[in-house]
file work-v1.pdb (PDB, C-alpha atoms, pLDDT in the B column)
ATOM      1  CA  MET W  13      -0.568  75.878   0.439  1.00 88.00           C
ATOM      2  CA  LYS W  14      -3.930  77.539  -0.105  1.00 95.00           C
ATOM      3  CA  LYS W  15      -4.474  75.800  -3.436  1.00 96.00           C
ATOM      4  CA  TYR W  16      -3.462  72.428  -1.980  1.00 97.00           C
ATOM      5  CA  PHE W  17      -5.936  72.755   0.870  1.00 97.00           C
ATOM      6  CA  ALA W  18      -8.559  73.933  -1.621  1.00 98.00           C
ATOM      7  CA  GLU W  19      -8.031  70.669  -3.515  1.00 98.00           C
ATOM      8  CA  LEU W  20      -8.320  68.700  -0.283  1.00 98.00           C
ATOM      9  CA  PHE W  21     -11.600  70.430   0.562  1.00 98.00           C
ATOM     10  CA  GLY W  22     -13.001  70.086  -2.946  1.00 97.00           C
ATOM     11  CA  THR W  23     -12.186  66.381  -3.174  1.00 98.00           C
ATOM     12  CA  PHE W  24     -13.630  65.867   0.295  1.00 98.00           C
ATOM     13  CA  VAL W  25     -16.912  67.463  -0.791  1.00 98.00           C
ATOM     14  CA  LEU W  26     -17.049  65.513  -4.067  1.00 97.00           C
ATOM     15  CA  THR W  27     -16.413  62.195  -2.299  1.00 97.00           C
ATOM     16  CA  PHE W  28     -18.629  62.845   0.706  1.00 96.00           C
ATOM     17  CA  LEU W  29     -21.615  64.107  -1.279  1.00 96.00           C
ATOM     18  CA  GLY W  30     -21.223  61.900  -4.355  1.00 95.00           C
ATOM     19  CA  CYS W  31     -20.449  58.668  -2.530  1.00 94.00           C
ATOM     20  CA  GLY W  32     -22.845  59.691   0.217  1.00 92.00           C
ATOM     21  CA  ALA W  33     -25.641  59.892  -2.335  1.00 93.00           C
ATOM     22  CA  ALA W  34     -24.651  56.482  -3.722  1.00 92.00           C
ATOM     23  CA  VAL W  35     -24.916  55.023  -0.217  1.00 91.00           C
ATOM     24  CA  SER W  36     -28.175  56.776   0.668  1.00 89.00           C
ATOM     25  CA  LEU W  37     -29.861  55.935  -2.625  1.00 90.00           C
ATOM     26  CA  ASN W  38     -28.513  52.355  -2.789  1.00 87.00           C
ATOM     27  CA  CYS W  39     -27.091  53.182  -6.196  1.00 88.00           C
ATOM     28  CA  GLY W  40     -27.658  50.538  -8.849  1.00 83.00           C
ATOM     29  CA  VAL W  41     -30.810  49.026  -7.406  1.00 85.00           C
ATOM     30  CA  ASP W  42     -32.991  50.907  -9.892  1.00 89.00           C
ATOM     31  CA  THR W  43     -32.880  53.652 -12.522  1.00 93.00           C
ATOM     32  CA  ALA W  44     -33.822  56.396 -10.078  1.00 94.00           C
ATOM     33  CA  SER W  45     -30.860  55.603  -7.816  1.00 92.00           C
ATOM     34  CA  VAL W  46     -28.468  55.702 -10.767  1.00 94.00           C
ATOM     35  CA  VAL W  47     -29.809  59.055 -11.976  1.00 96.00           C
ATOM     36  CA  GLY W  48     -29.761  60.510  -8.472  1.00 96.00           C
ATOM     37  CA  THR W  49     -26.178  59.458  -7.872  1.00 95.00           C
ATOM     38  CA  ALA W  50     -25.061  60.795 -11.254  1.00 96.00           C
ATOM     39  CA  ILE W  51     -26.660  64.159 -10.519  1.00 97.00           C
ATOM     40  CA  ALA W  52     -25.064  64.274  -7.053  1.00 97.00           C
ATOM     41  CA  PHE W  53     -21.566  63.825  -8.464  1.00 97.00           C
ATOM     42  CA  GLY W  54     -22.168  66.375 -11.216  1.00 97.00           C
ATOM     43  CA  LEU W  55     -23.621  69.006  -8.903  1.00 97.00           C
ATOM     44  CA  SER W  56     -20.761  68.486  -6.454  1.00 97.00           C
ATOM     45  CA  VAL W  57     -18.323  69.402  -9.206  1.00 97.00           C
ATOM     46  CA  VAL W  58     -20.356  72.453 -10.234  1.00 96.00           C
ATOM     47  CA  ALA W  59     -20.550  73.664  -6.636  1.00 96.00           C
ATOM     48  CA  MET W  60     -16.819  73.225  -6.064  1.00 97.00           C
ATOM     49  CA  ALA W  61     -15.902  74.790  -9.416  1.00 95.00           C
ATOM     50  CA  TYR W  62     -17.506  78.039  -8.325  1.00 94.00           C
ATOM     51  CA  THR W  63     -16.178  77.711  -4.749  1.00 95.00           C
ATOM     52  CA  ILE W  64     -12.475  76.921  -5.268  1.00 95.00           C
ATOM     53  CA  GLY W  65     -12.024  77.277  -9.029  1.00 93.00           C
ATOM     54  CA  GLY W  66     -10.350  80.665  -8.621  1.00 92.00           C
ATOM     55  CA  ILE W  67      -7.956  79.262  -5.997  1.00 95.00           C
ATOM     56  CA  SER W  68      -6.746  75.945  -7.389  1.00 95.00           C
ATOM     57  CA  GLY W  69      -8.586  75.457 -10.667  1.00 92.00           C
ATOM     58  CA  CYS W  70     -10.781  72.854  -8.957  1.00 95.00           C
ATOM     59  CA  HIS W  71      -9.207  69.684 -10.290  1.00 97.00           C
ATOM     60  CA  ILE W  72     -10.369  67.542  -7.318  1.00 97.00           C
ATOM     61  CA  ASN W  73      -9.318  64.526  -9.374  1.00 98.00           C
ATOM     62  CA  PRO W  74      -5.788  63.110  -9.891  1.00 98.00           C
ATOM     63  CA  ALA W  75      -6.637  62.130 -13.481  1.00 98.00           C
ATOM     64  CA  ILE W  76      -7.474  65.743 -14.289  1.00 97.00           C
ATOM     65  CA  THR W  77      -4.338  66.948 -12.530  1.00 97.00           C
ATOM     66  CA  LEU W  78      -2.233  64.526 -14.579  1.00 97.00           C
ATOM     67  CA  GLY W  79      -3.938  65.696 -17.772  1.00 97.00           C
ATOM     68  CA  VAL W  80      -3.333  69.350 -16.905  1.00 96.00           C
ATOM     69  CA  PHE W  81       0.331  68.608 -16.112  1.00 97.00           C
ATOM     70  CA  LEU W  82       0.925  66.661 -19.321  1.00 96.00           C
ATOM     71  CA  SER W  83      -0.731  69.423 -21.350  1.00 93.00           C
ATOM     72  CA  GLY W  84       1.806  71.874 -19.955  1.00 92.00           C
ATOM     73  CA  ARG W  85      -0.456  73.928 -17.714  1.00 93.00           C
ATOM     74  CA  MET W  86       1.187  73.153 -14.343  1.00 95.00           C
ATOM     75  CA  ASN W  87       4.555  72.125 -12.949  1.00 96.00           C
ATOM     76  CA  ALA W  88       5.563  68.738 -11.538  1.00 97.00           C
ATOM     77  CA  LYS W  89       5.640  69.909  -7.912  1.00 96.00           C
ATOM     78  CA  ASP W  90       2.075  71.208  -7.990  1.00 96.00           C
ATOM     79  CA  CYS W  91       0.948  68.080  -9.831  1.00 97.00           C
ATOM     80  CA  GLY W  92       2.325  65.828  -7.104  1.00 97.00           C
ATOM     81  CA  MET W  93       1.040  67.959  -4.241  1.00 98.00           C
ATOM     82  CA  TYR W  94      -2.424  68.262  -5.776  1.00 98.00           C
ATOM     83  CA  ILE W  95      -2.696  64.486  -6.021  1.00 97.00           C
ATOM     84  CA  VAL W  96      -1.515  63.951  -2.425  1.00 98.00           C
ATOM     85  CA  PHE W  97      -4.023  66.429  -1.014  1.00 98.00           C
ATOM     86  CA  GLN W  98      -6.830  65.100  -3.219  1.00 98.00           C
ATOM     87  CA  VAL W  99      -6.290  61.593  -1.866  1.00 98.00           C
ATOM     88  CA  ILE W 100      -6.215  62.898   1.713  1.00 98.00           C
ATOM     89  CA  GLY W 101      -9.511  64.715   1.157  1.00 98.00           C
ATOM     90  CA  ALA W 102     -11.142  61.583  -0.241  1.00 97.00           C
ATOM     91  CA  ILE W 103      -9.897  59.439   2.650  1.00 97.00           C
ATOM     92  CA  ILE W 104     -11.303  61.884   5.211  1.00 97.00           C
ATOM     93  CA  ALA W 105     -14.665  61.888   3.410  1.00 97.00           C
ATOM     94  CA  ALA W 106     -14.788  58.093   3.233  1.00 96.00           C
ATOM     95  CA  ALA W 107     -13.842  57.817   6.905  1.00 96.00           C
ATOM     96  CA  LEU W 108     -16.717  60.096   7.881  1.00 95.00           C
ATOM     97  CA  LEU W 109     -19.153  58.158   5.700  1.00 92.00           C
ATOM     98  CA  ALA W 110     -17.994  54.887   7.253  1.00 91.00           C
ATOM     99  CA  PHE W 111     -18.404  56.398  10.723  1.00 91.00           C
ATOM    100  CA  LEU W 112     -21.921  57.650  10.018  1.00 89.00           C
ATOM    101  CA  VAL W 113     -22.985  54.246   8.741  1.00 85.00           C
ATOM    102  CA  SER W 114     -21.340  52.446  11.670  1.00 83.00           C
ATOM    103  CA  THR W 115     -23.434  54.436  14.134  1.00 81.00           C
ATOM    104  CA  ASP W 116     -26.568  52.942  12.593  1.00 73.00           C
ATOM    105  CA  PRO W 117     -26.080  49.904  10.312  1.00 66.00           C
ATOM    106  CA  GLY W 118     -29.602  50.430   8.990  1.00 67.00           C
ATOM    107  CA  LEU W 119     -28.286  53.435   7.094  1.00 65.00           C
ATOM    108  CA  ALA W 120     -26.009  51.266   4.971  1.00 61.00           C
ATOM    109  CA  ARG W 121     -27.400  50.587   1.540  1.00 62.00           C
ATOM    110  CA  GLY W 122     -25.354  48.973  -1.176  1.00 62.00           C
ATOM    111  CA  THR W 123     -21.681  49.502  -0.287  1.00 70.00           C
ATOM    112  CA  ALA W 124     -21.344  51.428   2.945  1.00 73.00           C
ATOM    113  CA  THR W 125     -18.860  53.914   1.508  1.00 79.00           C
ATOM    114  CA  GLY W 126     -19.866  54.095  -2.160  1.00 83.00           C
ATOM    115  CA  ALA W 127     -16.771  52.130  -3.199  1.00 87.00           C
ATOM    116  CA  ASN W 128     -16.176  51.062  -6.799  1.00 87.00           C
ATOM    117  CA  ALA W 129     -16.262  47.515  -8.151  1.00 88.00           C
ATOM    118  CA  CYS W 130     -16.456  46.105 -11.662  1.00 89.00           C
ATOM    119  CA  ALA W 131     -19.851  44.688 -12.564  1.00 86.00           C
ATOM    120  CA  SER W 132     -18.315  42.032 -14.817  1.00 84.00           C
ATOM    121  CA  PRO W 133     -16.067  39.230 -13.484  1.00 84.00           C
ATOM    122  CA  ASN W 134     -13.759  40.241 -16.337  1.00 87.00           C
ATOM    123  CA  VAL W 135     -12.124  43.319 -14.819  1.00 93.00           C
ATOM    124  CA  ILE W 136     -10.684  44.258 -18.216  1.00 94.00           C
ATOM    125  CA  ASN W 137     -14.243  45.283 -19.073  1.00 93.00           C
ATOM    126  CA  GLY W 138     -14.163  47.771 -16.208  1.00 94.00           C
ATOM    127  CA  LEU W 139     -10.640  48.939 -17.034  1.00 97.00           C
ATOM    128  CA  VAL W 140     -11.583  49.769 -20.615  1.00 97.00           C
ATOM    129  CA  ALA W 141     -14.725  51.570 -19.447  1.00 96.00           C
ATOM    130  CA  GLU W 142     -12.727  53.686 -16.989  1.00 97.00           C
ATOM    131  CA  ILE W 143     -10.128  54.579 -19.639  1.00 98.00           C
ATOM    132  CA  ILE W 144     -12.742  55.671 -22.166  1.00 98.00           C
ATOM    133  CA  LEU W 145     -14.932  57.559 -19.700  1.00 98.00           C
ATOM    134  CA  THR W 146     -11.963  59.356 -18.114  1.00 98.00           C
ATOM    135  CA  PHE W 147     -10.586  60.241 -21.542  1.00 98.00           C
ATOM    136  CA  ILE W 148     -13.877  61.910 -22.459  1.00 98.00           C
ATOM    137  CA  PHE W 149     -14.164  63.655 -19.101  1.00 98.00           C
ATOM    138  CA  VAL W 150     -10.630  65.068 -19.085  1.00 97.00           C
ATOM    139  CA  MET W 151     -11.032  66.192 -22.709  1.00 97.00           C
ATOM    140  CA  VAL W 152     -14.087  68.174 -21.616  1.00 96.00           C
ATOM    141  CA  VAL W 153     -12.120  69.680 -18.731  1.00 96.00           C
ATOM    142  CA  LEU W 154      -9.162  70.669 -20.901  1.00 95.00           C
ATOM    143  CA  GLY W 155     -11.378  72.060 -23.640  1.00 92.00           C
ATOM    144  CA  ALA W 156     -13.752  73.937 -21.370  1.00 92.00           C
ATOM    145  CA  THR W 157     -10.940  75.589 -19.403  1.00 91.00           C
ATOM    146  CA  ALA W 158      -8.610  76.398 -22.313  1.00 88.00           C
ATOM    147  CA  LYS W 159      -7.869  80.082 -22.779  1.00 83.00           C
ATOM    148  CA  THR W 160      -7.335  79.403 -26.476  1.00 78.00           C
ATOM    149  CA  ASN W 161     -10.826  77.964 -26.979  1.00 73.00           C
ATOM    150  CA  GLY W 162     -12.961  81.075 -27.209  1.00 70.00           C
ATOM    151  CA  ALA W 163     -15.131  82.029 -24.242  1.00 70.00           C
ATOM    152  CA  THR W 164     -15.897  78.459 -23.181  1.00 73.00           C
ATOM    153  CA  ASN W 165     -13.914  78.844 -19.956  1.00 73.00           C
ATOM    154  CA  ASN W 166     -16.567  81.273 -18.661  1.00 76.00           C
ATOM    155  CA  PHE W 167     -18.928  78.321 -18.246  1.00 85.00           C
ATOM    156  CA  ALA W 168     -16.359  75.626 -17.523  1.00 90.00           C
ATOM    157  CA  GLY W 169     -17.801  74.597 -14.161  1.00 92.00           C
ATOM    158  CA  LEU W 170     -21.236  73.973 -15.605  1.00 94.00           C
ATOM    159  CA  ALA W 171     -19.923  72.095 -18.631  1.00 94.00           C
ATOM    160  CA  ILE W 172     -17.690  69.870 -16.522  1.00 96.00           C
ATOM    161  CA  GLY W 173     -20.423  69.100 -14.002  1.00 96.00           C
ATOM    162  CA  LEU W 174     -22.927  68.190 -16.713  1.00 97.00           C
ATOM    163  CA  ALA W 175     -20.323  66.013 -18.430  1.00 97.00           C
ATOM    164  CA  LEU W 176     -19.739  64.146 -15.178  1.00 97.00           C
ATOM    165  CA  ILE W 177     -23.465  63.470 -14.882  1.00 97.00           C
ATOM    166  CA  LEU W 178     -23.488  61.970 -18.383  1.00 97.00           C
ATOM    167  CA  ILE W 179     -20.418  59.872 -17.640  1.00 97.00           C
ATOM    168  CA  HIS W 180     -21.993  58.464 -14.484  1.00 97.00           C
ATOM    169  CA  LEU W 181     -25.207  57.630 -16.315  1.00 96.00           C
ATOM    170  CA  VAL W 182     -23.162  55.483 -18.701  1.00 95.00           C
ATOM    171  CA  GLY W 183     -20.574  54.079 -16.317  1.00 95.00           C
ATOM    172  CA  ILE W 184     -22.391  53.249 -13.082  1.00 94.00           C
ATOM    173  CA  ASN W 185     -23.619  49.886 -14.312  1.00 92.00           C
ATOM    174  CA  TYR W 186     -20.117  48.950 -15.514  1.00 93.00           C
ATOM    175  CA  THR W 187     -17.918  50.031 -12.613  1.00 94.00           C
ATOM    176  CA  GLY W 188     -19.907  52.312 -10.333  1.00 93.00           C
ATOM    177  CA  THR W 189     -18.018  55.054 -12.227  1.00 95.00           C
ATOM    178  CA  SER W 190     -14.798  56.383 -10.820  1.00 96.00           C
ATOM    179  CA  VAL W 191     -12.869  58.394 -13.454  1.00 97.00           C
ATOM    180  CA  ASN W 192     -11.106  59.675 -10.323  1.00 98.00           C
ATOM    181  CA  PRO W 193      -8.428  57.671  -8.440  1.00 97.00           C
ATOM    182  CA  ALA W 194      -8.799  59.694  -5.218  1.00 97.00           C
ATOM    183  CA  ARG W 195     -12.572  59.183  -5.127  1.00 96.00           C
ATOM    184  CA  SER W 196     -11.917  55.419  -5.354  1.00 96.00           C
ATOM    185  CA  ILE W 197      -8.945  55.131  -3.002  1.00 96.00           C
ATOM    186  CA  GLY W 198     -10.747  56.686  -0.018  1.00 95.00           C
ATOM    187  CA  PRO W 199     -13.859  54.466  -0.033  1.00 94.00           C
ATOM    188  CA  ALA W 200     -11.907  51.291  -0.931  1.00 95.00           C
ATOM    189  CA  LEU W 201      -9.702  51.624   2.148  1.00 94.00           C
ATOM    190  CA  PHE W 202     -12.767  51.416   4.387  1.00 92.00           C
ATOM    191  CA  GLN W 203     -14.871  49.044   2.289  1.00 89.00           C
ATOM    192  CA  GLY W 204     -12.139  46.433   1.783  1.00 87.00           C
ATOM    193  CA  GLY W 205     -12.903  43.164  -0.004  1.00 89.00           C
ATOM    194  CA  GLU W 206     -13.622  43.389  -3.708  1.00 89.00           C
ATOM    195  CA  ALA W 207     -13.365  47.178  -3.742  1.00 91.00           C
ATOM    196  CA  LEU W 208      -9.797  47.022  -2.429  1.00 93.00           C
ATOM    197  CA  SER W 209      -8.710  44.079  -4.591  1.00 93.00           C
ATOM    198  CA  GLN W 210      -9.938  45.870  -7.726  1.00 95.00           C
ATOM    199  CA  LEU W 211      -8.641  49.302  -6.721  1.00 96.00           C
ATOM    200  CA  TRP W 212      -5.859  49.105  -9.298  1.00 96.00           C
ATOM    201  CA  VAL W 213      -8.496  49.282 -12.057  1.00 96.00           C
ATOM    202  CA  PHE W 214      -9.713  52.622 -10.719  1.00 97.00           C
ATOM    203  CA  ILE W 215      -6.199  54.019 -10.489  1.00 97.00           C
ATOM    204  CA  VAL W 216      -4.714  52.743 -13.739  1.00 97.00           C
ATOM    205  CA  GLY W 217      -7.834  53.334 -15.867  1.00 97.00           C
ATOM    206  CA  PRO W 218      -8.346  57.018 -14.985  1.00 97.00           C
ATOM    207  CA  PHE W 219      -4.638  57.831 -15.203  1.00 98.00           C
ATOM    208  CA  VAL W 220      -4.375  56.240 -18.648  1.00 98.00           C
ATOM    209  CA  GLY W 221      -7.527  58.026 -19.796  1.00 98.00           C
ATOM    210  CA  GLY W 222      -6.293  61.351 -18.428  1.00 97.00           C
ATOM    211  CA  ALA W 223      -2.908  60.985 -20.118  1.00 97.00           C
ATOM    212  CA  LEU W 224      -4.513  60.108 -23.455  1.00 98.00           C
ATOM    213  CA  ALA W 225      -6.759  63.157 -23.190  1.00 97.00           C
ATOM    214  CA  ALA W 226      -3.754  65.413 -22.606  1.00 97.00           C
ATOM    215  CA  PHE W 227      -1.969  64.140 -25.699  1.00 96.00           C
ATOM    216  CA  VAL W 228      -5.064  64.370 -27.893  1.00 96.00           C
ATOM    217  CA  TRP W 229      -5.897  67.857 -26.626  1.00 94.00           C
ATOM    218  CA  LYS W 230      -2.373  69.092 -27.342  1.00 92.00           C
ATOM    219  CA  ALA W 231      -2.789  67.808 -30.905  1.00 92.00           C
ATOM    220  CA  ILE W 232      -6.064  69.646 -31.535  1.00 91.00           C
ATOM    221  CA  GLU W 233      -5.755  72.691 -29.257  1.00 87.00           C
ATOM    222  CA  PRO W 234      -6.322  75.969 -31.126  1.00 81.00           C
ATOM    223  CA  ALA W 235      -3.267  78.168 -31.571  1.00 76.00           C
ATOM    224  CA  GLU W 236      -2.872  81.055 -29.136  1.00 68.00           C
ATOM    225  CA  LYS W 237      -4.415  84.213 -30.588  1.00 54.00           C
TER     226      LYS W 237
END
call {"tool": "encode", "arguments": {"input": "work-v1.pdb", "output": "structure tokens"}}
result
Amino acid sequence: MKKYFAELFGTFVLTFLGCGAAVSLNCGVDTASVVGTAIAFGLSVVAMAYTIGGISGCHINPAITLGVFLSGRMNAKDCGMYIVFQVIGAIIAAALLAFLVSTDPGLARGTATGANACASPNVINGLVAEIILTFIFVMVVLGATAKTNGATNNFAGLAIGLALILIHLVGINYTGTSVNPARSIGPALFQGGEALSQLWVFIVGPFVGGALAAFVWKAIEPAEK
């Protein structure tokens, strides 16, 4: 259970700090808010990688967990339990964010919980963006943590966090950037409206991207030495 609770805690921190920054900075209103939010999500991953990485591997993202499972690095039971606890962690974080904002409505900027929504009325635009961005992100995760890929796993946390910053810089103006179903489910439950009606985009897109990354990585992974 330790690794499951580690995933809950890690996803809680990622959602609370990342989405919290998006709320505080009114993400999307200007370039500075986009950059600040991107950095917040990336640094959250770096911090958690070196906090719980040795316990659970620090997936804190169902799309990563799916990619790790499909690449043969974990069993089905752990895959399912990781995802359940990740979603619980994100819901707790979103609930606390919603509570903090409700105590003083003046704190709410942009969406009160940092929920995702497609910028274009054509949600297929957002779906494609989430698939591509998640594919790239999970490829970085699988490559950086592979024991067959030289010494790259020594700096995996840093590489993954920096990659997430880059992905947010590209994706925020398209979808708010999810690449993480748990991070989207939690805020959408409390935001409602468009965020909830479009939630399927931020579940299907990351899962498809994560699965594609697993298959591509298995095709190019270096042979065990």
call {"tool": "resolve_selection", "arguments": {"input": "work-v1.pdb", "expression": "the PyMOL selection byres ((chain W and resi 183) around 10)", "output": "count of residues only"}}
result
21
call {"tool": "closest_atom_pairs", "arguments": {"input": "work-v1.pdb", "of": "region 139-176 of chain W", "to": "region 211-218 of chain W", "cutoff": "6 Å", "atoms": "all atoms listed in the file", "output": "JSON lines"}}
result
{"residue": "W:Leu139", "atom": "CA", "partner": "W:Gly217", "partner_atom": "CA", "distance": 5.3}
{"residue": "W:Glu142", "atom": "CA", "partner": "W:Gly217", "partner_atom": "CA", "distance": 5.0}
{"residue": "W:Ile143", "atom": "CA", "partner": "W:Gly217", "partner_atom": "CA", "distance": 4.6}
{"residue": "W:Thr146", "atom": "CA", "partner": "W:Pro218", "partner_atom": "CA", "distance": 5.3}
call {"tool": "atom_distance", "arguments": {"input": "work-v1.pdb", "atom1": "CA of Pro199 (chain W)", "atom2": "CA of Leu112 (chain W)"}}
result
13.3 Å
call {"tool": "atom_distance", "arguments": {"input": "work-v1.pdb", "atom1": "CA of Arg85 (chain W)", "atom2": "CA of Gly101 (chain W)"}}
result
22.9 Å
call {"tool": "residues_around", "arguments": {"input": "work-v1.pdb", "residues": "Thr123 (chain W)", "least_positions_apart": "6", "cutoff": "10 Å", "atoms": "all atoms listed in the file", "output": "PyMOL selection string"}}
result
chain W and resi 31+34-36+38-39+110+129+199-200+203+207
